[in-house]
$ cat final-v1.txt   # compact mmCIF, C-alpha atoms
# COMPACT_ATOMS: atom_id res chain seq x y z
CA MET A 1 2.36 -0.65 23.45
CA SER A 2 4.03 -3.60 25.15
CA SER A 3 3.73 -7.20 23.99
CA THR A 4 1.31 -7.89 26.83
CA GLU A 5 -0.99 -5.07 25.67
CA ASN A 6 -0.87 -5.87 21.96
CA PRO A 7 -3.54 -8.44 21.00
CA HIS A 8 -1.77 -9.33 17.75
CA VAL A 9 1.55 -10.77 18.94
CA GLY A 10 2.71 -14.15 20.14
CA LEU A 11 1.92 -16.25 17.06
CA THR A 12 3.86 -19.50 16.93
CA LYS A 13 5.57 -20.81 13.80
CA GLU A 14 2.75 -23.32 13.37
CA GLU A 15 0.15 -20.55 13.58
CA MET A 16 2.08 -18.46 11.06
CA GLU A 17 1.90 -21.38 8.64
CA LYS A 18 -1.78 -22.00 9.36
CA TYR A 19 -3.01 -18.44 8.89
CA SER A 20 -2.44 -15.69 6.33
CA ILE A 21 -0.85 -12.76 8.16
CA PHE A 22 -1.25 -9.27 6.70
CA GLN A 23 0.90 -6.39 7.87
CA ILE A 24 -0.72 -3.04 7.09
CA GLU A 25 1.58 -0.06 7.49
CA PHE A 26 0.53 3.52 8.17
CA ASN A 27 2.84 6.50 8.12
CA GLY A 28 3.65 7.89 11.53
CA GLY A 29 0.81 10.02 12.82
CA GLU A 30 -1.80 9.02 10.24
CA LEU A 31 -3.91 7.21 12.83
CA GLN A 32 -2.68 9.13 15.84
CA GLY A 33 -5.47 11.04 17.54
CA PRO A 34 -7.38 11.52 20.78
CA ASP A 35 -7.33 8.33 22.87
CA VAL A 36 -5.60 6.35 20.12
CA GLU A 37 -2.30 4.61 20.79
CA HIS A 38 -0.41 2.65 18.14
CA GLY A 39 -3.50 2.54 15.94
CA TYR A 40 -5.91 1.25 18.60
CA ARG A 41 -8.33 2.87 21.04
CA ALA A 42 -6.76 3.14 24.49
CA TYR A 43 -9.98 3.85 26.43
CA LYS A 44 -8.13 6.16 28.80
CA ASP A 45 -10.40 9.14 28.15
CA LYS A 46 -13.39 10.34 30.16
CA LEU A 47 -16.68 11.53 28.71
CA ALA A 48 -16.67 14.67 30.84
CA GLU A 49 -13.22 15.62 29.56
CA ARG A 50 -13.67 14.61 25.91
CA ASP A 51 -12.76 17.48 23.56
CA PRO A 52 -15.21 17.65 20.63
CA ASP A 53 -13.01 20.11 18.72
CA ALA A 54 -10.04 17.76 18.87
CA LEU A 55 -12.23 14.89 17.72
CA GLN A 56 -13.63 16.98 14.87
CA GLU A 57 -10.12 17.89 13.73
CA TYR A 58 -9.10 14.23 13.93
CA LEU A 59 -12.21 13.23 11.97
CA GLU A 60 -11.44 15.65 9.14
CA ARG A 61 -7.85 14.41 8.95
CA LEU A 62 -8.97 10.78 8.80
CA GLN A 63 -11.54 11.58 6.13
CA GLU A 64 -8.92 13.26 3.96
CA VAL A 65 -6.48 10.36 4.32
CA ARG A 66 -9.27 7.92 3.50
CA ARG A 67 -10.37 9.93 0.47
CA THR A 68 -6.83 9.89 -0.90
CA THR A 69 -6.39 6.20 -0.12
CA SER A 70 -9.71 5.37 -1.77
CA MET A 71 -8.73 7.13 -4.99
CA GLU A 72 -5.35 5.41 -5.08
CA THR A 73 -7.00 2.03 -4.46
CA LEU A 74 -9.40 2.63 -7.32
CA TYR A 75 -6.53 3.68 -9.59
CA ILE A 76 -4.60 0.49 -8.77
CA TRP A 77 -7.69 -1.61 -9.44
CA HIS A 78 -8.14 -0.24 -12.94
CA CYS A 79 -4.41 -0.51 -13.64
CA LEU A 80 -4.63 -4.18 -12.70
CA GLU A 81 -7.60 -4.69 -15.00
CA ALA A 82 -5.67 -3.33 -17.98
CA LYS A 83 -2.43 -5.12 -17.13
CA GLU A 84 -4.16 -8.45 -16.56
CA GLN A 85 -5.85 -8.25 -19.95
CA ASN A 86 -2.45 -7.80 -21.59
CA PHE A 87 -0.77 -10.42 -19.42
CA TYR A 88 -3.15 -13.23 -20.34
CA LYS A 89 -2.54 -12.55 -24.02
CA LEU A 90 1.17 -13.29 -23.63
CA GLN A 91 2.42 -16.59 -25.00
CA GLY A 92 4.89 -18.98 -23.40
CA ASP A 93 6.57 -18.63 -20.04
CA ASP A 94 9.88 -16.92 -20.77
CA GLU A 95 11.68 -14.34 -18.65
CA GLN A 96 9.61 -11.40 -19.93
CA VAL A 97 6.38 -13.18 -19.02
CA ASP A 98 7.80 -13.92 -15.59
CA ILE A 99 8.73 -10.27 -15.08
CA ALA A 100 5.24 -9.18 -16.17
CA ARG A 101 3.81 -11.67 -13.66
CA ARG A 102 5.94 -10.13 -10.91
CA GLU A 103 4.65 -6.67 -11.83
CA LEU A 104 1.12 -7.92 -11.31
CA GLN A 105 2.02 -9.64 -8.06
CA LEU A 106 3.50 -6.46 -6.60
CA LEU A 107 0.67 -4.25 -7.81
CA ASN A 108 -1.94 -6.70 -6.50
CA ASN A 109 -0.21 -6.81 -3.11
CA ILE A 110 -0.17 -3.02 -2.89
CA GLY A 111 -3.82 -2.84 -3.95
CA SER A 112 -4.79 -5.33 -1.26
CA ASP A 113 -2.84 -3.35 1.34
CA PHE A 114 -4.49 -0.09 0.29
CA ALA A 115 -7.96 -1.65 0.44
CA SER A 116 -7.17 -2.84 3.97
CA ARG A 117 -5.89 0.61 4.89
CA GLU A 118 -9.12 2.12 3.64
CA ALA A 119 -11.21 -0.27 5.74
CA ILE A 120 -9.16 0.55 8.86
CA LEU A 121 -9.56 4.27 8.22
CA ALA A 122 -13.31 3.81 7.76
CA TYR A 123 -13.48 2.03 11.09
CA HIS A 124 -11.64 4.85 12.86
CA ILE A 125 -13.90 7.44 11.22
CA ASP A 126 -17.01 5.70 12.47
CA ASP A 127 -15.43 5.36 15.89
CA VAL A 128 -14.92 9.14 16.05
CA LEU A 129 -18.54 9.69 15.02
CA LYS A 130 -19.60 7.31 17.77
CA ARG A 131 -17.53 9.18 20.33
CA LEU A 132 -19.03 12.51 19.29
CA LYS A 133 -22.49 11.01 19.63
CA GLN A 134 -21.65 9.77 23.13
CA ILE A 135 -21.13 13.34 24.31
CA GLN A 136 -24.21 14.52 22.40
CA HIS A 137 -22.14 16.70 20.10
CA PRO A 138 -23.84 17.82 16.85
CA MET A 139 -23.07 15.04 14.40
CA PRO A 140 -21.40 15.69 11.05
CA GLU A 141 -23.17 14.25 8.05
CA SER A 142 -22.36 10.56 7.63
CA ASN A 143 -22.61 8.45 4.48
CA ASN A 144 -22.34 4.97 5.99
CA THR A 145 -18.58 5.23 6.10
CA LEU A 146 -17.92 1.54 6.56
CA ILE A 147 -19.73 0.51 3.41
CA LYS A 148 -19.48 3.52 1.11
CA ALA A 149 -16.32 3.83 -0.94
CA GLN A 150 -15.26 5.83 -3.95
CA SER A 151 -16.71 4.32 -7.12
CA LYS A 152 -15.86 4.85 -10.74
CA GLN A 153 -19.37 6.17 -11.36
CA ASP A 154 -18.55 9.21 -9.22
CA LEU A 155 -15.68 10.23 -11.52
CA PRO A 156 -15.34 11.66 -15.03
CA PRO A 157 -14.53 9.14 -17.79
CA ASP A 158 -10.95 10.40 -18.25
CA TRP A 159 -10.07 10.71 -14.56
CA MET A 160 -7.23 8.18 -14.76
CA ASP A 161 -5.46 10.25 -17.41
CA HIS A 162 -5.16 13.15 -14.97
CA PHE A 163 -4.77 11.27 -11.69
CA SER A 164 -1.49 11.56 -9.77
CA PRO A 165 -0.84 8.23 -7.97
CA GLN A 166 1.43 9.61 -5.28
CA LEU A 167 0.80 6.95 -2.63
CA VAL A 168 1.18 3.94 -4.89
CA ALA A 169 4.33 5.41 -6.47
CA GLU A 170 5.80 5.91 -3.01
CA GLN A 171 4.95 2.34 -2.04
CA VAL A 172 6.55 0.98 -5.21
CA ARG A 173 9.58 3.20 -4.56
CA ILE A 174 9.92 1.79 -1.04
CA ASN A 175 9.79 -1.76 -2.41
CA TRP A 176 12.35 -0.89 -5.07
CA THR A 177 14.73 0.61 -2.50
CA ARG A 178 14.45 -2.45 -0.26
CA GLN A 179 15.02 -4.77 -3.20
CA LYS A 180 18.10 -2.82 -4.30
CA ASP A 181 19.53 -2.98 -0.78
CA MET A 182 18.93 -6.71 -0.66
CA MET A 183 20.45 -7.09 -4.12
CA SER A 184 23.61 -5.35 -2.95
CA MET A 185 23.88 -7.75 -0.02
CA ILE A 186 23.44 -10.79 -2.26
CA GLU A 187 25.96 -9.47 -4.80
CA HIS A 188 28.44 -8.92 -1.98
CA SER A 189 27.88 -12.47 -0.76
CA THR A 190 28.27 -13.81 -4.30
CA ALA A 191 31.56 -11.95 -4.71
CA LEU A 192 32.90 -13.51 -1.52
CA HIS A 193 32.17 -17.01 -2.82
CA LYS A 194 33.06 -16.54 -6.49
CA ASP A 195 36.39 -18.39 -6.25
CA LEU A 196 35.04 -21.30 -4.23
CA LYS A 197 34.64 -24.64 -6.01
CA PRO A 198 32.84 -26.87 -3.51
CA GLU A 199 32.17 -30.51 -4.16
CA PRO A 200 28.75 -31.11 -5.72
CA GLY A 201 26.17 -32.28 -3.21
CA THR A 202 27.88 -30.70 -0.22
CA PRO A 203 26.11 -28.19 2.07
CA GLN A 204 28.49 -25.47 0.86
CA ALA A 205 27.58 -26.17 -2.76
CA ALA A 206 23.88 -26.03 -1.87
CA GLN A 207 24.38 -22.70 -0.11
CA ILE A 208 26.16 -21.16 -3.09
CA GLU A 209 23.45 -22.44 -5.45
CA HIS A 210 20.79 -20.95 -3.18
CA ILE A 211 22.53 -17.57 -3.26
CA ARG A 212 22.74 -17.74 -7.05
CA GLU A 213 19.04 -18.61 -7.41
CA SER A 214 18.06 -15.86 -4.97
CA ALA A 215 20.04 -13.35 -7.01
CA GLU A 216 18.26 -14.38 -10.22
CA ILE A 217 14.81 -14.12 -8.61
CA LEU A 218 15.57 -10.78 -7.00
CA LYS A 219 16.94 -9.43 -10.27
CA LYS A 220 13.59 -10.14 -11.93
CA ASN A 221 11.76 -8.52 -9.02
CA VAL A 222 13.91 -5.41 -9.31
CA THR A 223 13.22 -5.20 -13.05
CA ALA A 224 9.47 -5.58 -12.52
CA THR A 225 9.43 -2.99 -9.74
CA GLU A 226 11.48 -0.53 -11.80
CA ARG A 227 8.97 -0.84 -14.65
CA LEU A 228 6.07 -0.05 -12.33
CA LEU A 229 7.94 2.83 -10.71
CA LYS A 230 8.77 4.35 -14.10
CA GLU A 231 5.15 3.97 -15.21
CA PHE A 232 3.72 5.68 -12.13
CA GLU A 233 6.33 8.44 -12.08
CA GLU A 234 5.51 9.21 -15.71
CA GLN A 235 1.81 9.32 -14.82
CA ILE A 236 2.53 11.74 -11.97
CA HIS A 237 4.46 13.93 -14.41
CA ARG A 238 1.54 13.89 -16.87
CA ALA A 239 -0.89 14.74 -14.08
CA ASP A 240 1.31 17.64 -12.97
CA GLU A 241 1.44 18.96 -16.52
CA TYR A 242 -2.33 18.71 -16.80
CA ALA A 243 -2.81 20.52 -13.48
CA THR A 244 -0.68 23.46 -14.64
CA ARG A 245 -2.19 23.62 -18.12
CA PRO A 246 -4.62 26.52 -18.68
CA GLN A 247 -8.13 25.10 -18.65
CA PRO A 248 -10.72 26.28 -21.20
CA LYS A 249 -13.19 28.73 -19.78
CA SER A 250 -16.77 27.64 -19.60
CA VAL A 251 -19.22 29.59 -21.71
CA ASP A 252 -22.38 30.71 -19.95
CA THR A 253 -25.54 30.09 -21.88
$ encode --input "final-v1.txt" --output "C-alpha cells"
Amino acid sequence: MSSTENPHVGLTKEEMEKYSIFQIEFNGGELQGPDVEHGYRAYKDKLAERDPDALQEYLERLQEVRRTTSMETLYIWHCLEAKEQNFYKLQGDDEQVDIARRELQLLNNIGSDFASREAILAYHIDDVLKRLKQIQHPMPESNNTLIKAQSKQDLPPDWMDHFSPQLVAEQVRINWTRQKDMMSMIEHSTALHKDLKPEPGTPQAAQIEHIRESAEILKKNVTATERLLKEFEEQIHRADEYATRPQPKSVDT
C-alpha cells in the first residue's frame, strides 16, 4: 500500500506530540485474507465472484488467532494484578524498585498491544460475517464478536498454573533482543569515547554524559526484560510438563 493509499501516514511532528500513537504489529499473514491488503479491506472484490469457502477458511483462522490472543491478554492481565500488588508494597525508590517498575511498564505495554490486537481481530471477524451475509451464505453462529471476550469465569480456577504464554513470551523475547542489540551499540560508542576528557559544559561533554545515562537506563530495561522472559519461559516449561503428565481417569458413577 502506497503512502497515498494509507490513511494513517503523514503525521507532522506537532501532531505526533499532540496525539498518542499506537503501533500494533501482526505477524505476516495473520490478517491476510480475501480482499484484505496490509490489514485493511481493499474493496476490489465482486459479490458475484465472492468465494464463501475462502471466506469461511479465513474466518476460522481469524477466530483461532483471536482465541489465542484473548487467552494471552487475560493471562497478562492477571499477571499484572499480582505484580502490582507486590510492587506497591515495596519501600523506597532504589534500583530494584526501578527495575520492578520497568517490568510492569513493559508488561502493561504488551497487554495494551494484545488487547488492541484482539479488538482488530474481532473487527475483521465481524467483517467476514458481514460479507458472507451479503452473498446470502448460511451464517456461522455468532456471539457478538465485537463485545464478547474471554472471561475468567469461563475458565477453571487453576487455569493460569497450566497456561503456556507463548505469544507474550515471544513478545518479551523480541523486546529483549532489540534491547541487547541497542546495548551493544551504546557500549561500542562508550568504548570509542572512554579516553576522551572534554571540558565540562561543552557539547562533547554533554554528548558523552547522555550516552552514559542512556546506557544506565537501558541496562535496567534489559534486567527487567530478562526477569520477565525467564518467568514466562519457566511457565511455558511447567505448562509443557503438565500437558505431558498422565491425567487421572474420571470415574463413571
$ atom_distance --input "final-v1.txt" --atom1 "atom CA of A:Pro203" --atom2 "atom CA of A:Gln179"
26.4 Å
$ residues_near_point --input "final-v1.txt" --point "(-13.1, 8.9, 27.5)" --cutoff "12 Å" --atoms "only C-alpha atoms" --output "ChimeraX atom specification"
/A:34-36,41-52,55,128,130-132,134-135
$ residues_around --input "final-v1.txt" --residues "stretch 64-70 of chain A" --least-positions-apart "2" --cutoff "8 Å" --atoms "only C-alpha atoms" --output "number ranges by chain"
A: 30, 60-62, 72-74, 114-115, 117-118, 121-122, 149-150, 167
$ residues_around --input "final-v1.txt" --residues "stretch 95-103 of chain A" --least-positions-apart "3" --cutoff "6 Å" --atoms "all atoms listed in the file" --output "VMD selection string"
chain A and resid 106 220 224
$ closest_residue --input "final-v1.txt" --among "A:Ala169, A:His78, A:Gly33, A:Gln23" --to "A:Thr225" --atoms "all atoms listed in the file"
A:Ala169
$ atom_distance --input "final-v1.txt" --atom1 "atom CA of A:Ile186" --atom2 "atom CA of A:Arg173"
19.8 Å
$ closest_residue --input "final-v1.txt" --among "A:Gln166, A:Thr190, A:Thr202, A:Asn221" --to "A:Gln235" --atoms "only C-alpha atoms"
A:Gln166
$ atom_distance --input "final-v1.txt" --atom1 "atom CA of A:Gln32" --atom2 "atom CA of A:Ile110"
22.5 Å
$ closest_residue --input "final-v1.txt" --among "A:Phe22, A:Phe232, A:Tyr75, A:Tyr242" --to "A:Gln171" --atoms "only C-alpha atoms"
A:Phe232
$ closest_residue --input "final-v1.txt" --among "A:Arg245, A:Lys18, A:Lys83, A:Arg238" --to "A:Phe163" --atoms "all atoms listed in the file"
A:Arg238
$ closest_residue --input "final-v1.txt" --among "A:Leu129, A:Ser189, A:Gly28, A:Val222" --to "A:Glu209" --atoms "only C-alpha atoms"
A:Ser189
$ decode --input "final-v1.txt" --residues "stretch 144-245 of chain A" --atoms "C-alpha atoms" --output "PDB file, in the first residue's frame"
ATOM      1  CA  ASN A 144     -21.436 -10.705  19.305  1.00  0.00           C
ATOM      2  CA  THR A 145     -17.770 -10.900  18.430  1.00  0.00           C
ATOM      3  CA  LEU A 146     -17.014  -7.242  18.962  1.00  0.00           C
ATOM      4  CA  ILE A 147     -18.174  -7.214  22.563  1.00  0.00           C
ATOM      5  CA  LYS A 148     -17.672 -10.779  23.768  1.00  0.00           C
ATOM      6  CA  ALA A 149     -14.214 -11.677  25.013  1.00  0.00           C
ATOM      7  CA  GLN A 150     -12.744 -14.482  27.047  1.00  0.00           C
ATOM      8  CA  SER A 151     -13.521 -14.005  30.726  1.00  0.00           C
ATOM      9  CA  LYS A 152     -12.063 -15.595  33.803  1.00  0.00           C
ATOM     10  CA  GLN A 153     -15.469 -17.049  34.652  1.00  0.00           C
ATOM     11  CA  ASP A 154     -15.207 -19.307  31.595  1.00  0.00           C
ATOM     12  CA  LEU A 155     -12.031 -20.954  32.906  1.00  0.00           C
ATOM     13  CA  PRO A 156     -11.146 -23.380  35.706  1.00  0.00           C
ATOM     14  CA  PRO A 157      -9.712 -21.804  38.886  1.00  0.00           C
ATOM     15  CA  ASP A 158      -6.182 -23.129  38.281  1.00  0.00           C
ATOM     16  CA  TRP A 159      -6.001 -22.317  34.569  1.00  0.00           C
ATOM     17  CA  MET A 160      -3.039 -19.943  34.969  1.00  0.00           C
ATOM     18  CA  ASP A 161      -0.937 -22.716  36.509  1.00  0.00           C
ATOM     19  CA  HIS A 162      -1.233 -24.741  33.311  1.00  0.00           C
ATOM     20  CA  PHE A 163      -1.337 -21.969  30.722  1.00  0.00           C
ATOM     21  CA  SER A 164       1.526 -21.655  28.227  1.00  0.00           C
ATOM     22  CA  PRO A 165       2.017 -17.933  27.404  1.00  0.00           C
ATOM     23  CA  GLN A 166       3.694 -18.431  24.046  1.00  0.00           C
ATOM     24  CA  LEU A 167       2.740 -15.100  22.475  1.00  0.00           C
ATOM     25  CA  VAL A 168       3.682 -12.908  25.405  1.00  0.00           C
ATOM     26  CA  ALA A 169       6.977 -14.773  25.866  1.00  0.00           C
ATOM     27  CA  GLU A 170       7.773 -14.210  22.204  1.00  0.00           C
ATOM     28  CA  GLN A 171       6.950 -10.507  22.509  1.00  0.00           C
ATOM     29  CA  VAL A 172       9.165 -10.162  25.580  1.00  0.00           C
ATOM     30  CA  ARG A 173      11.906 -12.069  23.753  1.00  0.00           C
ATOM     31  CA  ILE A 174      11.686  -9.664  20.803  1.00  0.00           C
ATOM     32  CA  ASN A 175      11.991  -6.700  23.167  1.00  0.00           C
ATOM     33  CA  TRP A 176      14.941  -8.316  24.917  1.00  0.00           C
ATOM     34  CA  THR A 177      16.738  -8.959  21.619  1.00  0.00           C
ATOM     35  CA  ARG A 178      16.217  -5.377  20.480  1.00  0.00           C
ATOM     36  CA  GLN A 179      17.435  -4.047  23.814  1.00  0.00           C
ATOM     37  CA  LYS A 180      20.549  -6.223  23.698  1.00  0.00           C
ATOM     38  CA  ASP A 181      21.332  -5.010  20.178  1.00  0.00           C
ATOM     39  CA  MET A 182      20.923  -1.411  21.281  1.00  0.00           C
ATOM     40  CA  MET A 183      23.049  -2.082  24.350  1.00  0.00           C
ATOM     41  CA  SER A 184      25.852  -3.387  22.149  1.00  0.00           C
ATOM     42  CA  MET A 185      25.723  -0.215  20.065  1.00  0.00           C
ATOM     43  CA  ILE A 186      25.856   2.012  23.144  1.00  0.00           C
ATOM     44  CA  GLU A 187      28.710   0.001  24.658  1.00  0.00           C
ATOM     45  CA  HIS A 188      30.613   0.333  21.397  1.00  0.00           C
ATOM     46  CA  SER A 189      30.036   4.083  21.407  1.00  0.00           C
ATOM     47  CA  THR A 190      31.127   4.297  25.042  1.00  0.00           C
ATOM     48  CA  ALA A 191      34.331   2.410  24.265  1.00  0.00           C
ATOM     49  CA  LEU A 192      35.152   4.865  21.486  1.00  0.00           C
ATOM     50  CA  HIS A 193      34.857   7.808  23.879  1.00  0.00           C
ATOM     51  CA  LYS A 194      36.365   6.258  27.009  1.00  0.00           C
ATOM     52  CA  ASP A 195      39.687   8.105  26.711  1.00  0.00           C
ATOM     53  CA  LEU A 196      38.153  11.487  25.930  1.00  0.00           C
ATOM     54  CA  LYS A 197      38.261  14.131  28.664  1.00  0.00           C
ATOM     55  CA  PRO A 198      36.160  17.003  27.312  1.00  0.00           C
ATOM     56  CA  GLU A 199      35.814  20.280  29.130  1.00  0.00           C
ATOM     57  CA  PRO A 200      32.765  20.370  31.410  1.00  0.00           C
ATOM     58  CA  GLY A 201      29.846  22.228  29.888  1.00  0.00           C
ATOM     59  CA  THR A 202      30.903  21.631  26.294  1.00  0.00           C
ATOM     60  CA  PRO A 203      28.620  19.914  23.736  1.00  0.00           C
ATOM     61  CA  GLN A 204      31.028  16.972  23.622  1.00  0.00           C
ATOM     62  CA  ALA A 205      30.820  16.544  27.394  1.00  0.00           C
ATOM     63  CA  ALA A 206      27.018  16.664  27.211  1.00  0.00           C
ATOM     64  CA  GLN A 207      27.020  14.019  24.479  1.00  0.00           C
ATOM     65  CA  ILE A 208      29.225  11.666  26.485  1.00  0.00           C
ATOM     66  CA  GLU A 209      27.053  12.159  29.576  1.00  0.00           C
ATOM     67  CA  HIS A 210      23.948  11.419  27.505  1.00  0.00           C
ATOM     68  CA  ILE A 211      25.500   8.170  26.259  1.00  0.00           C
ATOM     69  CA  ARG A 212      26.389   7.198  29.821  1.00  0.00           C
ATOM     70  CA  GLU A 213      22.870   7.901  31.103  1.00  0.00           C
ATOM     71  CA  SER A 214      21.323   6.016  28.186  1.00  0.00           C
ATOM     72  CA  ALA A 215      23.497   3.011  28.987  1.00  0.00           C
ATOM     73  CA  GLU A 216      22.377   3.023  32.627  1.00  0.00           C
ATOM     74  CA  ILE A 217      18.691   3.249  31.691  1.00  0.00           C
ATOM     75  CA  LEU A 218      18.970   0.550  29.050  1.00  0.00           C
ATOM     76  CA  LYS A 219      20.836  -1.721  31.455  1.00  0.00           C
ATOM     77  CA  LYS A 220      17.878  -1.550  33.848  1.00  0.00           C
ATOM     78  CA  ASN A 221      15.468  -2.228  30.988  1.00  0.00           C
ATOM     79  CA  VAL A 222      17.468  -5.279  29.939  1.00  0.00           C
ATOM     80  CA  THR A 223      17.450  -6.604  33.504  1.00  0.00           C
ATOM     81  CA  ALA A 224      13.688  -6.091  33.821  1.00  0.00           C
ATOM     82  CA  THR A 225      13.024  -7.730  30.461  1.00  0.00           C
ATOM     83  CA  GLU A 226      15.273 -10.684  31.280  1.00  0.00           C
ATOM     84  CA  ARG A 227      13.332 -11.255  34.506  1.00  0.00           C
ATOM     85  CA  LEU A 228      10.032 -11.327  32.646  1.00  0.00           C
ATOM     86  CA  LEU A 229      11.419 -13.574  29.924  1.00  0.00           C
ATOM     87  CA  LYS A 230      12.760 -16.036  32.496  1.00  0.00           C
ATOM     88  CA  GLU A 231       9.424 -16.028  34.321  1.00  0.00           C
ATOM     89  CA  PHE A 232       7.379 -16.737  31.195  1.00  0.00           C
ATOM     90  CA  GLU A 233       9.788 -19.341  29.847  1.00  0.00           C
ATOM     91  CA  GLU A 234       9.595 -21.174  33.174  1.00  0.00           C
ATOM     92  CA  GLN A 235       5.792 -21.021  32.997  1.00  0.00           C
ATOM     93  CA  ILE A 236       5.862 -22.474  29.478  1.00  0.00           C
ATOM     94  CA  HIS A 237       8.080 -25.288  30.760  1.00  0.00           C
ATOM     95  CA  ARG A 238       5.655 -26.001  33.621  1.00  0.00           C
ATOM     96  CA  ALA A 239       2.719 -25.980  31.208  1.00  0.00           C
ATOM     97  CA  ASP A 240       4.529 -28.401  28.894  1.00  0.00           C
ATOM     98  CA  GLU A 241       5.223 -30.728  31.804  1.00  0.00           C
ATOM     99  CA  TYR A 242       1.580 -30.582  32.848  1.00  0.00           C
ATOM    100  CA  ALA A 243       0.420 -31.316  29.299  1.00  0.00           C
ATOM    101  CA  THR A 244       2.571 -34.458  29.108  1.00  0.00           C
ATOM    102  CA  ARG A 245       1.695 -35.663  32.604  1.00  0.00           C
TER     103      ARG A 245
END
